[in-house]
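A.B. asks: Handing you this structure, nothing more for now.
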Amino acid sequence: MPGMPSDAQSLDEIDFAALYREHMRRHRLVPKPASAWDSRAADYARSQGARGDRSSYVDDFLGRLDLNGVNSVLDIGCGPGTLALPLAQRVAEVTALDHSPRMLEALQSQAAAAGLDNIRALHRAWEDDWDDVPVCDVAIASRSTTVDDLEAALHKMARHTRLRAYFSYPADGFFVAREILDVLGAQHGSVPEVPDLLLVLGMLRRMGVHARLDYILTPSRLAHSTGFDDFVQRLAWSTGPLDDAAKNRLRSWYDANPERAQGGGAPMRWAFIGWDVAAH
Ligand SMILES: C[S@@+](CC[C@H](N)C(=O)[O-])C[C@H]1O[C@@H](n2cnc3c(N)ncnc32)[C@H](O)[C@@H]1O
């Protein structure tokens with residue numbers, strides 16, 4: 001396997017970033033294009049405002065940020081402003097970057113509704129040229145690091161922050177709970193598995209970063225579905241279209257215990273990773 005010398009004597013010889021890229025390629029984990037996020041923007045903005053997990057995830061993320069001495073925050077993959085909006089009430093300036101124009105529109109209308117004029121929305125992708133992206137005191141990326149080359153993204157993040165960087169990363173490999181993948185059965189293999197968290201930690205170590213690690217548990221995004229069709233539609237975001245056999249198995253599982261199905265399976269475990277930029 002590229003990146004993994006068969007006679008590796010020490011961890012320093014393992015190219016974790018190459019292993020990550022190889023995983024993305026081999027598992028055909030294709031990051032969603034901006035157009036896919038565009039189509040979810042309105043729903044995402046609504047659900048983050050209303051669903052029970054909003055405050056727990058957002059509060060858990062915000063509560064882990066050290067904002068001492070911080071005037072400016074760069075929020076990468078900001079979506080409709082889930083973090084950017086509350087942060088704009090705590091720091092002087094927020095630059096909120098996303099590749100989805102509809103997400104940025106949702107952010108701007110929510111900022112206007114809240115009377116916030118200190119958020120600058122920037123239409124940009126992780127992969128774009130960032131020459132004019134400001135260097136901020138703190139950079140964050142919440143639930144927005146599914147990219148082909150995470151090492152390049154993290155270097156970019158580090159170059160655009162003066163003090164500290166923070167991001168969240170799926171810690172359990174999948175965006176869908178295993179019990180639901182088991183119900184899918186034959187289609188299980190087609191659900192992309194996210195590169196292991198250890199690759200990310202190894203990558204950071206090789207970047208000279210001494211990362212802090214914590215976890216945030218949040219209800220799965222399949223929780224609180226309004227019915228079977230909504231459940232299947234949400235699941236298909238992660239799995240791609242489901243065939244009839246899989247839908248039938250899911251239908252039996254759903255109908256057998258709708259209350260359990262509404263729970264959406266085990267909570268999603270996000271690794272919360274942070275580091276002091278000035279200290280390395
Ligand atoms: C799951 S949402 C997270 C939004 C927000 N940060 C949160 O935690 O609620 C992922 C966001 O990342 C953005 N995103 C995904 N890939 C991106 C890329 N390559 N460049 C910039 N933004 C990206 C999407 O458009 C979407 O708004």
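Just so we're on the same page: first chain in the structure tokens is A, next is B, and so on; residues restart at 1 for each chain, and ligands are numbered from 1 in the order they show up.
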Would you give me, as an NGL selection string, the residues in stretch 39-234 of chain A that DSSP reads as alpha helix (DSSP H)?
C.D. replies: :A and (39-50 or 52-63 or 84-88 or 101-113 or 150-159 or 178-184 or 197-206 or 228-234)
A.B. asks: Compile a residue-level contact table for chain A against ligand 1 at a cut-off of 10 Å, reporting for every qualifying residue the shortest atom pair and its distance in Å to one decimal, with only C-alpha atoms and all ligand atoms counted, rows ordered by chain and ascending number, as a tab-separated table.
C.D. replies:
residue	atom	partner	partner_atom_place_in_ligand_line	distance
A:Pro31	CA	ligand 1	16 (N)	6.6
A:Lys32	CA	ligand 1	16 (N)	6.5
A:Pro33	CA	ligand 1	16 (N)	6.9
A:Ala34	CA	ligand 1	25 (O)	5.5
A:Ser35	CA	ligand 1	25 (O)	8.3
A:Ala36	CA	ligand 1	25 (O)	7.9
A:Trp37	CA	ligand 1	25 (O)	4.8
A:Asp38	CA	ligand 1	25 (O)	7.0
A:Ser39	CA	ligand 1	25 (O)	9.8
A:Arg40	CA	ligand 1	27 (O)	8.7
A:Ala41	CA	ligand 1	27 (O)	7.4
A:Tyr44	CA	ligand 1	2 (S)	8.0
A:Ala45	CA	ligand 1	9 (O)	8.5
A:Ser47	CA	ligand 1	9 (O)	9.8
A:Gln48	CA	ligand 1	9 (O)	7.0
A:Arg54	CA	ligand 1	9 (O)	8.3
A:Tyr57	CA	ligand 1	8 (O)	8.3
A:Val58	CA	ligand 1	8 (O)	7.6
A:Phe61	CA	ligand 1	8 (O)	8.9
A:Asp75	CA	ligand 1	6 (N)	7.3
A:Ile76	CA	ligand 1	22 (N)	6.4
A:Gly77	CA	ligand 1	12 (O)	3.6
A:Cys78	CA	ligand 1	6 (N)	4.0
A:Gly79	CA	ligand 1	27 (O)	3.2
A:Pro80	CA	ligand 1	4 (C)	6.6
A:Gly81	CA	ligand 1	5 (C)	6.4
A:Thr82	CA	ligand 1	9 (O)	4.7
A:Leu83	CA	ligand 1	6 (N)	6.4
A:Ala84	CA	ligand 1	6 (N)	8.1
A:Ala96	CA	ligand 1	6 (N)	9.3
A:Leu97	CA	ligand 1	21 (C)	6.6
A:Asp98	CA	ligand 1	22 (N)	3.9
A:His99	CA	ligand 1	21 (C)	4.1
A:Ser100	CA	ligand 1	25 (O)	4.6
A:Pro101	CA	ligand 1	25 (O)	8.1
A:Arg102	CA	ligand 1	25 (O)	8.5
A:Met103	CA	ligand 1	27 (O)	5.6
A:Leu104	CA	ligand 1	27 (O)	8.0
A:Leu107	CA	ligand 1	27 (O)	9.8
A:Leu122	CA	ligand 1	21 (C)	9.7
A:His123	CA	ligand 1	21 (C)	8.1
A:Arg124	CA	ligand 1	21 (C)	5.9
A:Ala125	CA	ligand 1	20 (N)	3.2
A:Trp126	CA	ligand 1	20 (N)	4.0
A:Glu127	CA	ligand 1	19 (N)	6.0
A:Asp128	CA	ligand 1	20 (N)	8.0
A:Ile140	CA	ligand 1	6 (N)	8.5
A:Ala141	CA	ligand 1	6 (N)	6.2
A:Ser142	CA	ligand 1	6 (N)	4.2
A:Arg143	CA	ligand 1	3 (C)	4.8
A:Ser144	CA	ligand 1	12 (O)	4.1
A:Thr145	CA	ligand 1	16 (N)	6.6
A:Thr146	CA	ligand 1	16 (N)	6.2
A:Val147	CA	ligand 1	19 (N)	5.9
A:Asp148	CA	ligand 1	19 (N)	8.7
A:Asp149	CA	ligand 1	19 (N)	9.9
A:Ala153	CA	ligand 1	19 (N)	9.0
A:Phe167	CA	ligand 1	6 (N)	9.4
A:Ser168	CA	ligand 1	8 (O)	8.4
A.B. asks: Within stretch 17-230 of chain A, find each residue whose DSSP state, derived from the backbone, is strand (DSSP E), and express the selection as JSON, numbers by chain.
C.D. replies: {"A": [72, 73, 74, 75, 76, 93, 94, 95, 96, 97, 98, 119, 120, 121, 122, 123, 136, 137, 138, 139, 140, 141, 161, 162, 163, 164, 165, 166, 167, 168, 169, 170, 212, 213, 214, 215, 216, 217, 218]}
A.B. asks: Let me see the file: selected residues, C-alpha atoms, as an mmCIF file, in the first residue's frame.
C.D. replies:
data_model
loop_
_atom_site.group_PDB
_atom_site.id
_atom_site.type_symbol
_atom_site.label_atom_id
_atom_site.label_comp_id
_atom_site.auth_asym_id
_atom_site.auth_seq_id
_atom_site.Cartn_x
_atom_site.Cartn_y
_atom_site.Cartn_z
ATOM 1 C CA SER A 72 -11.179 37.177 14.384
ATOM 2 C CA VAL A 73 -12.332 33.682 13.407
ATOM 3 C CA LEU A 74 -12.128 31.921 10.055
ATOM 4 C CA ASP A 75 -14.956 29.368 9.695
ATOM 5 C CA ILE A 76 -14.192 26.930 6.845
ATOM 6 C CA GLU A 93 -14.981 39.581 12.956
ATOM 7 C CA VAL A 94 -15.887 36.273 11.385
ATOM 8 C CA THR A 95 -14.848 35.239 7.878
ATOM 9 C CA ALA A 96 -17.186 32.447 6.814
ATOM 10 C CA LEU A 97 -16.027 30.410 3.838
ATOM 11 C CA ASP A 98 -17.953 27.799 1.866
ATOM 12 C CA ILE A 119 -19.590 38.274 9.167
ATOM 13 C CA ARG A 120 -17.843 38.296 5.801
ATOM 14 C CA ALA A 121 -19.114 35.490 3.547
ATOM 15 C CA LEU A 122 -16.499 34.142 1.169
ATOM 16 C CA HIS A 123 -17.339 31.860 -1.741
ATOM 17 C CA CYS A 136 -7.433 35.042 11.567
ATOM 18 C CA ASP A 137 -6.711 34.493 15.248
ATOM 19 C CA VAL A 138 -8.582 31.176 15.213
ATOM 20 C CA ALA A 139 -9.607 28.892 12.347
ATOM 21 C CA ILE A 140 -12.359 26.280 12.647
ATOM 22 C CA ALA A 141 -13.781 23.623 10.340
ATOM 23 C CA THR A 161 -4.573 31.135 11.775
ATOM 24 C CA ARG A 162 -2.369 33.009 14.224
ATOM 25 C CA LEU A 163 -3.248 31.240 17.459
ATOM 26 C CA ARG A 164 -5.320 28.079 17.303
ATOM 27 C CA ALA A 165 -7.052 25.711 14.882
ATOM 28 C CA TYR A 166 -9.972 23.369 15.544
ATOM 29 C CA PHE A 167 -11.904 20.895 13.439
ATOM 30 C CA SER A 168 -14.326 18.020 13.892
ATOM 31 C CA TYR A 169 -13.899 14.691 12.141
ATOM 32 C CA PRO A 170 -16.105 11.555 12.035
ATOM 33 C CA ARG A 212 -5.606 17.805 21.578
ATOM 34 C CA LEU A 213 -8.381 15.279 21.114
ATOM 35 C CA ASP A 214 -11.885 15.206 22.498
ATOM 36 C CA TYR A 215 -15.218 13.796 21.319
ATOM 37 C CA ILE A 216 -18.655 15.265 20.702
ATOM 38 C CA LEU A 217 -21.630 12.921 20.534
ATOM 39 C CA THR A 218 -24.652 14.100 18.617
#
A.B. asks: Could you list, as a PDB file with C-alpha atoms, in the first residue's frame, every residue within 12 Å of A:Thr226, counting only C-alpha atoms and ignoring same-chain residues fewer than 3 positions away?
C.D. replies:
ATOM      1  CA  LEU A 222     -31.332  10.046  10.696  1.00  0.00           C
ATOM      2  CA  ALA A 223     -32.911  10.878  14.048  1.00  0.00           C
ATOM      3  CA  ASP A 229     -39.740   8.288   3.093  1.00  0.00           C
ATOM      4  CA  ASP A 230     -37.919  11.046   4.930  1.00  0.00           C
ATOM      5  CA  PHE A 231     -35.742   8.412   6.634  1.00  0.00           C
ATOM      6  CA  VAL A 232     -34.795   6.830   3.286  1.00  0.00           C
ATOM      7  CA  GLN A 233     -34.139  10.198   1.697  1.00  0.00           C
ATOM      8  CA  ARG A 234     -31.789  11.221   4.493  1.00  0.00           C
ATOM      9  CA  PRO A 258     -40.814   3.121  14.495  1.00  0.00           C
ATOM     10  CA  GLU A 259     -39.736   4.630  17.798  1.00  0.00           C
ATOM     11  CA  ALA A 261     -36.095   4.093  13.882  1.00  0.00           C
ATOM     12  CA  GLN A 262     -36.844   7.666  14.916  1.00  0.00           C
ATOM     13  CA  GLY A 263     -33.791   7.471  17.143  1.00  0.00           C
ATOM     14  CA  GLY A 264     -31.719   7.133  13.958  1.00  0.00           C
TER      15      GLY A 264
END
A.B. asks: Give the answer as one residue: which of A:Ser109, A:Pro267, A:Gln9, A:Gly69 has the shortest atom-to-atom distance to A:Ala42, using only C-alpha atoms?
C.D. replies: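 Among the listed residues, the smallest separation from A:Ala42 belongs to A:Ser109.
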A.B. asks: Could you tell me how far atom CA of A:Ser56 sits from atom CA of A:Ala114, in Å to one decimal place?
C.D. replies: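 Spanning atom CA of A:Ala114 to atom CA of A:Ser56 is a straight-line distance of 20.5 Å.
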